[in-house]
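Trainee: Take this structure first; my questions come after.
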Amino acid sequence: MMAAIDKTEYETHVFVAGGRIRCLRCTASSTRTKMQCGRPALKSSRTQKCQFHGGRPHSAELLRRISEANVLHGDATKAAKQQYRHDSALIRELEDAMRVLEVGEGPRLRGRKPMGYKPVLTQEDVVRMIQERLLHTV
Ligand SMILES: [Zn+2]
C-alpha cells in the first residue's frame, strides 16, 4: 500500500487510453486512503478536478439554486441578522429612554449590548435616539 502523498508531490498528469493520451490529473485526495484521485481532470475545471470532485463549473443559475436549497428558514441570512441587530439595539435604547424619562419600572435587560447600540443617558440622547431610530431624520 502506498503512503499518503504530500500536497506538493501531486502527479500533475495521467495517461489514459492505453497511454496514448496524456492529460491533467485530478488533484483531489481520498479522505479514507489519503491518495490522489486517479481520474483525469475536466478541461473546464479551474481547480483541476474530475467530475466526481467538483470539477464542473458552476453557473450563476446553479449557484443560486444551491444557495436556495441550503436556506432552511432565512433567519441566518445577512439581511435577517442585520434586522435583528437593529431591533435589539432599538429595544435597548427604548429601555434606556424609559429610565431617563422615569416611566415604568422593573429589572433591566441582561447580557451584552447589541451591535449598533448607543447609550441613552440624557434627555438629549432620547431626542437623538427618537430622531435616528424612529423618525429617520438624522
Ligand atoms: Zn477526482
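Every chain in the C-alpha cells takes a letter, A first, then B, and so on in the order presented; its residues are numbered from 1, and the ligands are numbered from 1 following the presented order.
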Within 6 Å of ligand 1, counting only C-alpha atoms and all ligand atoms: which residues, as a ChimeraX atom specification?
Mentor: /A:26,28,37,39,49-50,52-53
Trainee: Convert the current residue selection to file output with C-alpha atoms, as a PDB file, in the first residue's frame.
Mentor:
ATOM      1  CA  CYS A  26      -7.442  15.376 -10.685  1.00  0.00           C
ATOM      2  CA  ALA A  28      -8.368  15.728  -5.089  1.00  0.00           C
ATOM      3  CA  CYS A  37      -7.578  10.722  -7.241  1.00  0.00           C
ATOM      4  CA  ARG A  39      -9.046  10.281 -12.776  1.00  0.00           C
ATOM      5  CA  LYS A  49     -10.674  18.341 -10.606  1.00  0.00           C
ATOM      6  CA  CYS A  50     -12.599  15.452 -12.120  1.00  0.00           C
ATOM      7  CA  PHE A  52     -16.616  13.486  -9.023  1.00  0.00           C
ATOM      8  CA  HIS A  53     -14.566  16.052  -7.107  1.00  0.00           C
TER       9      HIS A  53
END
Trainee: Excluding Thr122 of chain A and its own-chain neighbours fewer than 2 positions away, which residues fall within 12 Å of it when counting only C-alpha atoms? Please give them as a list in words.
Mentor: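 Final neighbour list, sorted by chain and number: Glu93, Asp96, Ala97, Met98, Arg99, Val100, Leu101, Glu102, Lys118, Pro119, Val120, Glu124, Asp125, Val126, Val127, Arg128 and Met129 of chain A.
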Trainee: Can you list every residue in segment 66-111 of chain A that DSSP puts in helix (DSSP H, G or I), as an MDAnalysis selection string?
Mentor: chainID A and resid 66:70 78:100
Trainee: Save the residues we just selected, C-alpha atoms, as a PDB file, in the first residue's frame?
Mentor:
ATOM      1  CA  ILE A  66     -27.619  25.540  -4.435  1.00  0.00           C
ATOM      2  CA  SER A  67     -27.859  28.594  -2.195  1.00  0.00           C
ATOM      3  CA  GLU A  68     -31.650  28.470  -2.247  1.00  0.00           C
ATOM      4  CA  ALA A  69     -31.674  24.766  -1.389  1.00  0.00           C
ATOM      5  CA  ASN A  70     -29.398  25.335   1.610  1.00  0.00           C
ATOM      6  CA  LYS A  78     -27.256  38.724   6.345  1.00  0.00           C
ATOM      7  CA  ALA A  79     -30.406  40.809   5.995  1.00  0.00           C
ATOM      8  CA  ALA A  80     -32.204  38.940   8.790  1.00  0.00           C
ATOM      9  CA  LYS A  81     -29.213  39.257  11.136  1.00  0.00           C
ATOM     10  CA  GLN A  82     -28.910  42.974  10.367  1.00  0.00           C
ATOM     11  CA  GLN A  83     -32.616  43.465  11.091  1.00  0.00           C
ATOM     12  CA  TYR A  84     -32.284  41.509  14.360  1.00  0.00           C
ATOM     13  CA  ARG A  85     -29.300  43.678  15.439  1.00  0.00           C
ATOM     14  CA  HIS A  86     -31.205  46.852  14.608  1.00  0.00           C
ATOM     15  CA  ASP A  87     -34.304  45.731  16.514  1.00  0.00           C
ATOM     16  CA  SER A  88     -32.274  44.582  19.537  1.00  0.00           C
ATOM     17  CA  ALA A  89     -30.437  47.905  19.686  1.00  0.00           C
ATOM     18  CA  LEU A  90     -33.762  49.752  19.405  1.00  0.00           C
ATOM     19  CA  ILE A  91     -35.221  47.768  22.319  1.00  0.00           C
ATOM     20  CA  ARG A  92     -32.157  48.533  24.455  1.00  0.00           C
ATOM     21  CA  GLU A  93     -32.272  52.214  23.613  1.00  0.00           C
ATOM     22  CA  LEU A  94     -36.013  52.393  24.297  1.00  0.00           C
ATOM     23  CA  GLU A  95     -35.378  50.769  27.673  1.00  0.00           C
ATOM     24  CA  ASP A  96     -32.667  53.379  28.384  1.00  0.00           C
ATOM     25  CA  ALA A  97     -35.056  56.156  27.341  1.00  0.00           C
ATOM     26  CA  MET A  98     -37.680  54.732  29.674  1.00  0.00           C
ATOM     27  CA  ARG A  99     -35.154  55.026  32.524  1.00  0.00           C
ATOM     28  CA  VAL A 100     -34.179  58.583  31.586  1.00  0.00           C
TER      29      VAL A 100
END
Trainee: Using only C-alpha atoms for the distances, tell me which of A:Val14, A:Ile130, A:Val138, A:Leu24 is nearest to Lys43 of chain A.
Mentor: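 Answer, going by the shortest atom-to-atom distance: A:Leu24.
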Trainee: Write out as a list in words the set of residues from chain A that DSSP, computed on the backbone, places in strand (DSSP E).
Mentor: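 Restricting chain A to strand (DSSP E) produces His13, Val14, Phe15, Val16, Ile21, Arg22, Cys23 and Leu24 of chain A.
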Trainee: Just to be explicit: take each residue in the selection above, keep N, CA and C atoms, and write the result as a PDB file, in the first residue's frame.
Mentor:
ATOM      1  N   HIS A  13      -0.044  14.925 -14.192  1.00  0.00           N
ATOM      2  CA  HIS A  13      -0.638  14.364 -15.403  1.00  0.00           C
ATOM      3  C   HIS A  13      -0.951  12.883 -15.225  1.00  0.00           C
ATOM      4  N   VAL A  14      -1.833  12.395 -16.066  1.00  0.00           N
ATOM      5  CA  VAL A  14      -2.197  10.981 -16.065  1.00  0.00           C
ATOM      6  C   VAL A  14      -2.339  10.543 -17.524  1.00  0.00           C
ATOM      7  N   PHE A  15      -1.975   9.308 -17.788  1.00  0.00           N
ATOM      8  CA  PHE A  15      -2.114   8.773 -19.153  1.00  0.00           C
ATOM      9  C   PHE A  15      -3.390   7.945 -19.231  1.00  0.00           C
ATOM     10  N   VAL A  16      -4.159   8.211 -20.257  1.00  0.00           N
ATOM     11  CA  VAL A  16      -5.391   7.451 -20.466  1.00  0.00           C
ATOM     12  C   VAL A  16      -5.348   6.829 -21.865  1.00  0.00           C
ATOM     13  N   ILE A  21      -2.972   9.037 -24.507  1.00  0.00           N
ATOM     14  CA  ILE A  21      -3.398  10.419 -24.255  1.00  0.00           C
ATOM     15  C   ILE A  21      -2.891  10.842 -22.876  1.00  0.00           C
ATOM     16  N   ARG A  22      -2.156  11.951 -22.864  1.00  0.00           N
ATOM     17  CA  ARG A  22      -1.652  12.489 -21.605  1.00  0.00           C
ATOM     18  C   ARG A  22      -2.543  13.673 -21.237  1.00  0.00           C
ATOM     19  N   CYS A  23      -3.114  13.672 -20.045  1.00  0.00           N
ATOM     20  CA  CYS A  23      -3.969  14.802 -19.653  1.00  0.00           C
ATOM     21  C   CYS A  23      -3.754  15.142 -18.184  1.00  0.00           C
ATOM     22  N   LEU A  24      -4.294  16.285 -17.795  1.00  0.00           N
ATOM     23  CA  LEU A  24      -4.159  16.743 -16.415  1.00  0.00           C
ATOM     24  C   LEU A  24      -4.873  15.786 -15.472  1.00  0.00           C
TER      25      LEU A  24
END
